[in-house]
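Student: File upload-v6.tsv below, TSV, C-alpha atoms:
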```
chain	number	residue	atom	x	y	z
A	1	MET	CA	-62.67	3.74	-48.28
A	2	GLU	CA	-61.18	7.09	-47.28
A	3	ASN	CA	-58.97	5.51	-44.58
A	4	MET	CA	-56.89	3.40	-46.98
A	5	VAL	CA	-53.69	5.17	-45.89
A	6	GLU	CA	-54.22	4.06	-42.29
A	7	VAL	CA	-55.09	0.50	-43.33
A	8	PHE	CA	-52.01	0.12	-45.47
A	9	SER	CA	-49.84	1.80	-42.82
A	10	VAL	CA	-50.79	-0.83	-40.24
A	11	LEU	CA	-50.30	-3.59	-42.81
A	12	GLY	CA	-46.95	-2.11	-43.83
A	13	ALA	CA	-45.81	-1.89	-40.21
A	14	ALA	CA	-46.66	-5.54	-39.57
A	15	LEU	CA	-44.96	-6.66	-42.80
A	16	ALA	CA	-41.87	-4.52	-42.06
A	17	VAL	CA	-41.32	-6.15	-38.68
A	18	ALA	CA	-42.28	-9.65	-39.85
A	19	PHE	CA	-40.02	-9.81	-42.89
A	20	GLY	CA	-37.37	-7.52	-41.46
A	21	ALA	CA	-36.80	-9.93	-38.59
A	22	ILE	CA	-36.01	-12.91	-40.86
A	23	GLY	CA	-32.65	-11.76	-42.16
A	24	PRO	CA	-31.17	-10.60	-38.86
A	25	ALA	CA	-32.44	-13.79	-37.16
A	26	LEU	CA	-30.64	-16.00	-39.69
A	27	GLY	CA	-27.54	-13.83	-39.47
A	28	GLU	CA	-27.46	-13.87	-35.67
A	29	GLY	CA	-27.94	-17.63	-35.67
A	30	ARG	CA	-24.97	-18.12	-37.95
A	31	ALA	CA	-22.83	-15.71	-35.91
A	32	VAL	CA	-23.65	-17.43	-32.61
A	33	ALA	CA	-23.03	-20.86	-34.14
A	34	ALA	CA	-19.63	-19.76	-35.41
A	35	ALA	CA	-18.76	-18.25	-32.02
A	36	MET	CA	-19.79	-21.45	-30.20
A	37	ASP	CA	-17.62	-23.42	-32.60
A	38	ALA	CA	-14.68	-21.09	-31.95
A	39	ILE	CA	-15.11	-21.28	-28.16
A	40	ALA	CA	-15.36	-25.09	-28.32
A	41	ARG	CA	-12.12	-25.26	-30.29
A	42	GLN	CA	-10.28	-22.62	-28.25
A	43	PRO	CA	-11.82	-22.17	-24.81
A	44	GLU	CA	-8.99	-19.86	-23.72
A	45	ALA	CA	-10.13	-17.28	-26.31
A	46	ALA	CA	-13.69	-17.25	-24.94
A	47	GLY	CA	-13.41	-13.68	-23.59
A	48	THR	CA	-12.28	-12.15	-26.87
A	49	VAL	CA	-14.70	-14.23	-28.93
A	50	SER	CA	-17.73	-13.34	-26.84
A	51	ARG	CA	-16.86	-9.63	-26.76
A	52	THR	CA	-16.49	-9.55	-30.52
A	53	LEU	CA	-19.67	-11.61	-30.80
A	54	PHE	CA	-21.64	-9.07	-28.77
A	55	VAL	CA	-20.46	-6.20	-30.92
A	56	GLY	CA	-21.19	-8.16	-34.09
A	57	LEU	CA	-24.64	-9.17	-32.86
A	58	ALA	CA	-25.38	-5.52	-32.10
A	59	MET	CA	-24.43	-4.62	-35.66
A	60	ILE	CA	-26.64	-7.35	-37.13
A	61	GLU	CA	-29.49	-6.52	-34.80
A	62	THR	CA	-29.43	-2.92	-36.01
A	63	MET	CA	-31.12	-4.04	-39.23
A	64	ALA	CA	-34.06	-5.47	-37.28
A	65	ILE	CA	-34.22	-2.31	-35.18
A	66	TYR	CA	-34.36	-0.20	-38.35
A	67	CYS	CA	-37.41	-2.21	-39.42
A	68	LEU	CA	-38.95	-1.60	-36.00
A	69	VAL	CA	-38.34	2.13	-36.36
A	70	VAL	CA	-39.95	2.13	-39.80
A	71	ALA	CA	-42.94	0.31	-38.31
A	72	LEU	CA	-43.19	2.84	-35.46
A	73	LEU	CA	-42.96	5.75	-37.87
A	74	LEU	CA	-45.79	4.22	-39.91
A	75	LEU	CA	-47.91	3.75	-36.79
A	76	TYR	CA	-47.22	6.90	-34.79
A	77	ALA	CA	-45.57	9.53	-36.97
A	78	ASN	CA	-46.99	8.79	-40.39
A	79	PRO	CA	-46.36	11.78	-42.67
A	80	PHE	CA	-49.21	10.80	-45.04
A	81	VAL	CA	-51.94	10.85	-42.40
A	82	GLY	CA	-53.39	14.32	-42.05
B	1	MET	CA	-52.24	1.04	-25.21
B	2	ASP	CA	-52.45	4.43	-26.88
B	3	ILE	CA	-49.05	5.58	-25.59
B	4	ASN	CA	-46.93	7.06	-28.35
B	5	PRO	CA	-43.26	6.09	-27.83
B	6	LEU	CA	-42.05	9.02	-29.91
B	7	ALA	CA	-43.90	11.78	-28.05
B	8	PRO	CA	-42.37	13.41	-24.95
B	9	ASP	CA	-44.18	13.09	-21.65
B	10	ILE	CA	-44.18	16.70	-20.41
B	11	LEU	CA	-44.28	17.07	-16.62
B	12	PHE	CA	-43.87	20.82	-16.09
B	13	HIS	CA	-42.32	23.95	-17.59
B	14	ILE	CA	-39.37	26.03	-16.42
B	15	GLY	CA	-40.03	29.34	-18.15
B	16	PRO	CA	-40.55	28.47	-21.83
B	17	VAL	CA	-38.63	25.17	-21.58
B	18	PRO	CA	-40.78	22.06	-21.24
B	19	ILE	CA	-39.30	19.44	-18.90
B	20	ASP	CA	-40.33	15.87	-19.63
B	21	ARG	CA	-40.22	12.76	-17.48
B	22	ALA	CA	-37.00	11.45	-19.05
B	23	VAL	CA	-35.13	14.63	-18.12
B	24	VAL	CA	-36.27	14.47	-14.49
B	25	THR	CA	-35.24	10.79	-14.30
B	26	THR	CA	-31.87	11.72	-15.83
B	27	TRP	CA	-31.35	14.38	-13.16
B	28	ALA	CA	-32.21	11.87	-10.44
B	29	ILE	CA	-29.73	9.32	-11.89
B	30	MET	CA	-27.01	11.97	-12.13
B	31	ALA	CA	-27.63	12.98	-8.52
B	32	LEU	CA	-27.59	9.33	-7.39
B	33	LEU	CA	-24.32	8.51	-9.17
B	34	THR	CA	-22.65	11.72	-7.97
B	35	LEU	CA	-23.78	11.12	-4.41
B	36	LEU	CA	-22.56	7.50	-4.42
B	37	SER	CA	-19.17	8.47	-5.87
B	38	TRP	CA	-18.83	11.31	-3.37
B	39	LEU	CA	-19.78	9.11	-0.42
B	40	GLY	CA	-17.44	6.34	-1.57
B	41	THR	CA	-14.37	8.50	-2.08
B	42	ARG	CA	-14.97	11.06	0.67
B	43	ARG	CA	-12.56	9.40	3.05
B	44	ALA	CA	-10.60	7.20	0.66
B	45	THR	CA	-8.19	4.89	2.46
B	46	VAL	CA	-5.74	2.23	1.32
B	47	HIS	CA	-7.73	-0.43	3.13
B	48	ALA	CA	-10.99	0.33	1.37
B	49	GLY	CA	-14.30	0.13	3.18
B	50	GLY	CA	-17.45	-1.34	1.67
B	51	LEU	CA	-18.62	1.36	-0.75
B	52	GLN	CA	-15.10	2.37	-1.75
B	53	ALA	CA	-14.26	-1.26	-2.56
B	54	VAL	CA	-17.38	-1.55	-4.74
B	55	LEU	CA	-16.42	1.61	-6.65
B	56	GLU	CA	-12.84	0.39	-7.08
B	57	ILE	CA	-14.02	-2.98	-8.43
B	58	ALA	CA	-16.32	-1.22	-10.92
B	59	VAL	CA	-13.59	1.13	-12.11
B	60	GLU	CA	-11.04	-1.66	-12.46
B	61	ALA	CA	-13.46	-3.91	-14.36
B	62	LEU	CA	-14.20	-1.05	-16.76
B	63	GLU	CA	-10.49	-0.34	-17.09
B	64	THR	CA	-9.71	-3.97	-18.04
B	65	GLN	CA	-12.51	-4.11	-20.61
B	66	ILE	CA	-11.49	-0.82	-22.24
B	67	ARG	CA	-7.82	-1.83	-22.24
B	68	ASP	CA	-8.71	-5.10	-24.00
B	69	VAL	CA	-10.61	-3.27	-26.72
B	70	LEU	CA	-8.30	-0.30	-27.25
B	71	ARG	CA	-4.98	-2.13	-26.70
B	72	ARG	CA	-3.50	1.05	-25.25
B	73	ASP	CA	-3.51	3.00	-22.00
B	74	PRO	CA	-7.22	3.33	-21.09
B	75	TRP	CA	-6.92	6.13	-18.53
B	76	PRO	CA	-7.47	9.13	-20.86
B	77	TYR	CA	-10.70	7.51	-22.10
B	78	LEU	CA	-11.90	5.89	-18.90
B	79	PRO	CA	-13.74	8.93	-17.43
B	80	ILE	CA	-16.07	9.44	-20.40
B	81	LEU	CA	-16.57	5.76	-21.30
B	82	GLY	CA	-17.00	4.66	-17.70
B	83	SER	CA	-19.50	7.43	-17.00
B	84	LEU	CA	-21.40	6.49	-20.16
B	85	PHE	CA	-21.58	2.85	-19.08
B	86	LEU	CA	-22.62	3.58	-15.50
B	87	PHE	CA	-25.22	6.12	-16.60
B	88	ILE	CA	-26.75	3.81	-19.23
B	89	VAL	CA	-26.81	0.83	-16.87
B	90	VAL	CA	-28.58	2.79	-14.15
B	91	ALA	CA	-30.92	4.40	-16.70
B	92	ASN	CA	-31.84	1.05	-18.29
B	93	LEU	CA	-32.30	-0.64	-14.93
B	94	SER	CA	-34.42	2.21	-13.53
B	95	ALA	CA	-37.35	0.38	-15.18
B	96	VAL	CA	-37.33	-2.15	-12.33
B	97	ILE	CA	-38.46	0.54	-9.87
B	98	PRO	CA	-42.25	0.82	-10.17
B	99	GLY	CA	-43.40	4.11	-11.64
B	100	LEU	CA	-40.08	4.94	-13.29
B	101	LYS	CA	-39.64	4.87	-17.05
B	102	PRO	CA	-36.08	4.45	-18.34
B	103	PRO	CA	-34.99	7.73	-19.98
B	104	THR	CA	-33.17	5.69	-22.65
B	105	ALA	CA	-36.57	4.47	-23.89
B	106	HIS	CA	-37.24	7.98	-25.24
B	107	LEU	CA	-35.50	9.19	-28.35
B	108	GLU	CA	-33.85	12.27	-26.83
B	109	THR	CA	-31.56	10.62	-24.28
B	110	PRO	CA	-29.96	8.09	-26.71
B	111	ALA	CA	-29.61	10.95	-29.22
B	112	ALA	CA	-27.74	13.06	-26.67
B	113	LEU	CA	-25.50	10.12	-25.70
B	114	ALA	CA	-24.74	9.32	-29.35
B	115	ILE	CA	-23.84	12.96	-30.02
B	116	ILE	CA	-21.49	12.87	-27.01
B	117	VAL	CA	-19.79	9.78	-28.47
B	118	PHE	CA	-19.60	11.36	-31.93
B	119	LEU	CA	-18.00	14.57	-30.64
B	120	SER	CA	-15.64	12.89	-28.20
B	121	ALA	CA	-14.32	10.45	-30.83
B	122	HIS	CA	-13.39	13.42	-33.03
B	123	ALA	CA	-11.94	15.34	-30.08
B	124	PHE	CA	-9.76	12.42	-28.98
B	125	GLY	CA	-8.69	11.75	-32.56
B	126	LEU	CA	-7.73	15.37	-33.20
B	127	ARG	CA	-5.86	15.56	-29.90
B	128	SER	CA	-3.86	12.39	-30.41
B	129	LEU	CA	-3.03	12.69	-34.13
B	130	GLY	CA	-3.23	16.39	-34.97
B	131	PRO	CA	-5.57	17.82	-37.64
B	132	VAL	CA	-3.64	16.73	-40.76
B	133	ASN	CA	-3.05	13.12	-39.76
B	134	TYR	CA	-6.56	12.87	-38.39
B	135	LEU	CA	-8.19	14.07	-41.60
B	136	LYS	CA	-5.99	11.68	-43.59
B	137	ARG	CA	-7.99	8.75	-42.30
B	138	TYR	CA	-10.94	9.90	-44.40
B	139	VAL	CA	-8.99	9.42	-47.63
B	140	LYS	CA	-7.76	5.96	-46.63
B	141	PRO	CA	-7.54	3.50	-48.32
B	142	ASN	CA	-8.51	5.50	-51.40
B	143	PRO	CA	-9.75	9.11	-51.92
B	144	ILE	CA	-12.73	7.75	-53.87
B	145	LEU	CA	-14.10	6.48	-50.56
B	146	LEU	CA	-14.19	9.98	-49.02
B	147	PRO	CA	-18.00	10.44	-49.34
B	148	LEU	CA	-18.62	6.97	-47.93
B	149	ASN	CA	-16.27	7.59	-44.99
B	150	ILE	CA	-18.07	10.84	-44.17
B	151	LEU	CA	-21.46	9.18	-44.54
B	152	ALA	CA	-20.36	6.34	-42.25
B	153	GLU	CA	-19.62	8.87	-39.49
B	154	PHE	CA	-23.26	9.89	-39.42
B	155	THR	CA	-24.91	6.53	-40.03
B	156	ARG	CA	-22.99	4.84	-37.24
B	157	THR	CA	-23.91	7.61	-34.80
B	158	PHE	CA	-27.51	7.28	-35.92
B	159	SER	CA	-27.51	3.51	-35.54
B	160	LEU	CA	-25.89	3.86	-32.09
B	161	MET	CA	-28.81	6.04	-31.07
B	162	ILE	CA	-31.51	3.90	-32.71
B	163	ARG	CA	-30.10	0.66	-31.27
B	164	LEU	CA	-30.30	1.80	-27.65
B	165	PHE	CA	-33.65	3.53	-28.15
B	166	GLY	CA	-35.18	0.65	-30.10
B	167	ASN	CA	-34.16	-2.03	-27.65
B	168	MET	CA	-35.29	-0.19	-24.52
B	169	MET	CA	-38.48	1.18	-26.04
B	170	SER	CA	-39.54	-2.11	-27.63
B	171	HIS	CA	-39.02	-3.84	-24.31
B	172	GLU	CA	-41.34	-1.37	-22.58
B	173	PHE	CA	-43.82	-1.91	-25.37
B	174	VAL	CA	-43.74	-5.70	-25.10
B	175	LEU	CA	-44.29	-5.41	-21.34
B	176	ALA	CA	-47.29	-3.13	-21.88
B	177	ILE	CA	-48.78	-5.57	-24.39
B	178	VAL	CA	-48.24	-8.59	-22.11
B	179	VAL	CA	-49.86	-6.77	-19.16
B	180	PHE	CA	-52.75	-5.80	-21.42
B	181	LEU	CA	-53.27	-9.38	-22.63
B	182	ALA	CA	-52.38	-11.61	-19.69
B	183	GLY	CA	-52.57	-9.78	-16.38
B	184	LEU	CA	-50.44	-9.54	-13.32
B	185	LEU	CA	-47.83	-12.30	-12.99
B	186	LEU	CA	-47.01	-13.27	-16.56
B	187	PRO	CA	-44.86	-10.17	-17.26
B	188	VAL	CA	-42.38	-11.15	-14.51
B	189	PRO	CA	-40.14	-13.33	-16.77
B	190	PHE	CA	-40.17	-10.57	-19.37
B	191	MET	CA	-39.05	-8.11	-16.70
B	192	LEU	CA	-36.16	-10.41	-15.77
B	193	LEU	CA	-35.24	-10.56	-19.45
B	194	GLY	CA	-35.42	-6.76	-19.42
B	195	ILE	CA	-32.68	-6.56	-16.78
B	196	LEU	CA	-30.44	-8.70	-19.00
B	197	ILE	CA	-31.26	-6.60	-22.08
B	198	GLY	CA	-30.57	-3.37	-20.20
B	199	VAL	CA	-27.12	-4.46	-19.06
B	200	ILE	CA	-26.18	-5.92	-22.47
B	201	GLN	CA	-27.30	-2.80	-24.32
B	202	ALA	CA	-25.28	-0.60	-21.96
B	203	TYR	CA	-22.26	-2.87	-22.56
B	204	ILE	CA	-22.72	-2.78	-26.34
B	205	PHE	CA	-23.12	1.00	-26.38
B	206	THR	CA	-19.94	1.44	-24.38
B	207	ILE	CA	-17.95	-1.11	-26.40
B	208	LEU	CA	-19.03	0.51	-29.67
B	209	ALA	CA	-18.12	3.95	-28.31
B	210	THR	CA	-14.73	2.51	-27.32
B	211	VAL	CA	-14.27	1.02	-30.79
B	212	PHE	CA	-15.11	4.38	-32.44
B	213	ILE	CA	-12.72	6.27	-30.16
B	214	GLY	CA	-10.04	3.61	-30.67
B	215	ALA	CA	-10.39	3.89	-34.44
B	216	ALA	CA	-10.20	7.68	-34.22
B	217	VAL	CA	-7.07	7.80	-32.05
B	218	SER	CA	-5.22	5.14	-34.05
B	219	GLY	CA	-6.02	6.87	-37.36
B	220	GLU	CA	-7.35	3.76	-39.05
B	221	ALA	CA	-10.35	3.80	-41.33
B	222	ASP	CA	-12.95	1.61	-39.71
```
Now that the file is in, can you turn its structure into structure tokens?
Tutor:
Amino acid sequence: MENMVEVFSVLGAALAVAFGAIGPALGEGRAVAAAMDAIARQPEAAGTVSRTLFVGLAMIETMAIYCLVVALLLLYANPFVG
Amino acid sequence: MDINPLAPDILFHIGPVPIDRAVVTTWAIMALLTLLSWLGTRRATVHAGGLQAVLEIAVEALETQIRDVLRRDPWPYLPILGSLFLFIVVANLSAVIPGLKPPTAHLETPAALAIIVFLSAHAFGLRSLGPVNYLKRYVKPNPILLPLNILAEFTRTFSLMIRLFGNMMSHEFVLAIVVFLAGLLLPVPFMLLGILIGVIQAYIFTILATVFIGAAVSGEAD
């Protein structure tokens, strides 16, 4: 069992992406729902709403991307693998 | 499937400097954009011809978007933001040409772009407000928040870089996995999705750069 670091790195990478995607997915869903609601109420503000929505989605998505980067570091640039 | 997305793909060396594939693609994109702009504006007329009209539409669309975000005259900021957008769009979409890898899918190009945004936001802020007023925004709304404000400068630049890199690189990765698992035709819808992702990421990068510059020149804490 001398390759435990590798085993747990792969497991950690999978868990990081799997659980890290839950929060941003819920958040993006809520943001899009709110934006749809706003556009349905005020169609003339659709341009402003969707631009703000895109920027907000990018901010939320960053959390998921951080998880992806952690997973990639574990897989390809792991500091604990000699 | 043993490609490492973090390692550079060295093509050749100029003296001691290694030149990787992303840099060569960047040079090609720069040459393409410069050539198109030069051809389009070489004999600029009031009644624009085909290429000139395309360039004018692009510039005016960018101008409207930046004006909507900044709520001030966009012309001082249009050259850098517009060039950023056009470069990132062409770089992200270069993946549709077989054999080309988008330079934004390697860590170095998004890092360079994010550093450009970081420096230009400070430069525009200093130029429009002066040093004293500009530095005052770091102690707003309360001097206790000074460390957080300084930290936010770096984390937002970092997340700007990671967002572009992560999206483009993960897309390449998903394509590689789908080709590996399913063969020839199944990746086609993913490639179409990739075009959409490339354009949206370029838009988001530019809008966020605009927001940072707008916050810097108006002296508000963001």
Student: Near Ile29 of chain B, counting all atoms listed in the file, which residues have an atom at most 8 Å away, once you skip same-chain residues fewer than 6 positions from it, shown as a PDB file with C-alpha atoms, in the coordinates of the input?
Tutor:
```pdb
ATOM      1  CA  PHE B  87     -25.220   6.120 -16.600  1.00  0.00           C
ATOM      2  CA  VAL B  90     -28.580   2.790 -14.150  1.00  0.00           C
ATOM      3  CA  ALA B  91     -30.920   4.400 -16.700  1.00  0.00           C
TER       4      ALA B  91
END
```
Student: Write out as an mmCIF file with C-alpha atoms, in the frame of the given file every residue belonging to chain A that has an atom at most 7 Å from any atom of chain B, counting only C-alpha atoms.
Tutor:
```
data_model
loop_
_atom_site.group_PDB
_atom_site.id
_atom_site.type_symbol
_atom_site.label_atom_id
_atom_site.label_comp_id
_atom_site.auth_asym_id
_atom_site.auth_seq_id
_atom_site.Cartn_x
_atom_site.Cartn_y
_atom_site.Cartn_z
ATOM 1 C CA PHE A 54 -21.640 -9.070 -28.770
ATOM 2 C CA VAL A 55 -20.460 -6.200 -30.920
ATOM 3 C CA ALA A 58 -25.380 -5.520 -32.100
ATOM 4 C CA THR A 62 -29.430 -2.920 -36.010
ATOM 5 C CA ILE A 65 -34.220 -2.310 -35.180
ATOM 6 C CA TYR A 76 -47.220 6.900 -34.790
#
```
Student: List the spatial neighbours of segment 29-34 of chain A as a list in words - criterion: any atom at most 9 Å away, all atoms listed in the file, same-chain residues fewer than 3 positions off excluded.
Tutor: Pro24, Ala25, Leu26, Asp37, Ala38, Ile39, Leu53, Gly56 and Leu57 of chain A
Student: Let me make sure I understand: among B:Ala61, B:Leu93, B:Ile10, B:Phe154, which one has the smallest atom-to-atom distance to Leu78 of chain B if we use all atoms listed in the file?
Tutor: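 Of all the options, B:Ala61 lies closest to Leu78 of chain B.
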Student: Can you pull out the residues contacting Glu56 of chain B? Cut-off 12 Å, using all atoms listed in the file, and skip same-chain residues under 3 positions away; I want them as an MDAnalysis selection string.
Tutor: chainID B and resid 37 40:41 44:53 59:63
Student: Just give me the gap between atom CA of Leu151 of chain B and atom CA of Ile116 of chain B in Å, one decimal is fine.
Tutor: 17.9 Å
Student: Can you measure atom CA of Leu32 of chain B to atom CA of Ala105 of chain B for me? One decimal in Å is fine.
Tutor: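 Answer for the atom CA of Leu32 of chain B to atom CA of Ala105 of chain B separation: 19.4 Å.
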Student: Can you tell me which residues surround Ala71 of chain A at a distance of at most 12 Å, considering all atoms listed in the file, apart from same-chain residues fewer than 4 positions away, and format the answer as a list in words?
Tutor: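 Listed by chain and then number, they are Phe8, Ser9, Val10, Leu11, Gly12, Ala13, Ala14, Leu15, Ala16, Val17, Ala18, Phe19, Gly20, Ala21, Ala64, Ile65, Tyr66, Cys67, Leu75, Tyr76, Ala77 and Asn78 of chain A; Pro5, Gly166 and Ser170 of chain B.
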Student: Produce a file of the selected residues containing C-alpha atoms, as a PDB file, keeping the file's coordinate frame.
Tutor:
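What follows is the written file again_25.pdb:
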```pdb
ATOM      1  CA  PHE A   8     -52.010   0.120 -45.470  1.00  0.00           C
ATOM      2  CA  SER A   9     -49.840   1.800 -42.820  1.00  0.00           C
ATOM      3  CA  VAL A  10     -50.790  -0.830 -40.240  1.00  0.00           C
ATOM      4  CA  LEU A  11     -50.300  -3.590 -42.810  1.00  0.00           C
ATOM      5  CA  GLY A  12     -46.950  -2.110 -43.830  1.00  0.00           C
ATOM      6  CA  ALA A  13     -45.810  -1.890 -40.210  1.00  0.00           C
ATOM      7  CA  ALA A  14     -46.660  -5.540 -39.570  1.00  0.00           C
ATOM      8  CA  LEU A  15     -44.960  -6.660 -42.800  1.00  0.00           C
ATOM      9  CA  ALA A  16     -41.870  -4.520 -42.060  1.00  0.00           C
ATOM     10  CA  VAL A  17     -41.320  -6.150 -38.680  1.00  0.00           C
ATOM     11  CA  ALA A  18     -42.280  -9.650 -39.850  1.00  0.00           C
ATOM     12  CA  PHE A  19     -40.020  -9.810 -42.890  1.00  0.00           C
ATOM     13  CA  GLY A  20     -37.370  -7.520 -41.460  1.00  0.00           C
ATOM     14  CA  ALA A  21     -36.800  -9.930 -38.590  1.00  0.00           C
ATOM     15  CA  ALA A  64     -34.060  -5.470 -37.280  1.00  0.00           C
ATOM     16  CA  ILE A  65     -34.220  -2.310 -35.180  1.00  0.00           C
ATOM     17  CA  TYR A  66     -34.360  -0.200 -38.350  1.00  0.00           C
ATOM     18  CA  CYS A  67     -37.410  -2.210 -39.420  1.00  0.00           C
ATOM     19  CA  LEU A  75     -47.910   3.750 -36.790  1.00  0.00           C
ATOM     20  CA  TYR A  76     -47.220   6.900 -34.790  1.00  0.00           C
ATOM     21  CA  ALA A  77     -45.570   9.530 -36.970  1.00  0.00           C
ATOM     22  CA  ASN A  78     -46.990   8.790 -40.390  1.00  0.00           C
TER      23      ASN A  78
ATOM     24  CA  PRO B   5     -43.260   6.090 -27.830  1.00  0.00           C
ATOM     25  CA  GLY B 166     -35.180   0.650 -30.100  1.00  0.00           C
ATOM     26  CA  SER B 170     -39.540  -2.110 -27.630  1.00  0.00           C
TER      27      SER B 170
END
```
Student: Take every atom of segment 73-89 of chain B listed in the file, pad by 3 Å on each side, and give me the axis-aligned box centre and edge lengths in Å, one decimal, as AutoDock Vina command-line options.
Tutor:
```
--center_x -15.2 --center_y 5.1 --center_z -18.8 --size_x 29.3 --size_y 14.6 --size_z 12.6
```
Student: Mind giving me the straight-line distance from atom CA of Met59 of chain A to atom CA of Ala112 of chain B in Å, one decimal?
Tutor: 20.1 Å
Student: Just want the 12 Å neighbourhood of Glu153 of chain B, counted on only C-alpha atoms, with same-chain residues fewer than 6 positions away dropped. Output as a list in words.
Tutor: Ala114, Ile115, Val117, Phe118, Leu119, Ala121, His122, Arg137, Tyr138, Leu146, Pro147, Ser159, Leu160, Phe212, Ile213, Ala215, Ala216, Ala221 and Asp222 of chain B
Student: Rank nothing, just name the residue among B:Pro103, B:Gly130, B:Pro143, B:Pro76 nearest to Gly214 of chain B, using only C-alpha atoms.
Tutor: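 Of all the options, B:Pro76 lies closest to Gly214 of chain B.
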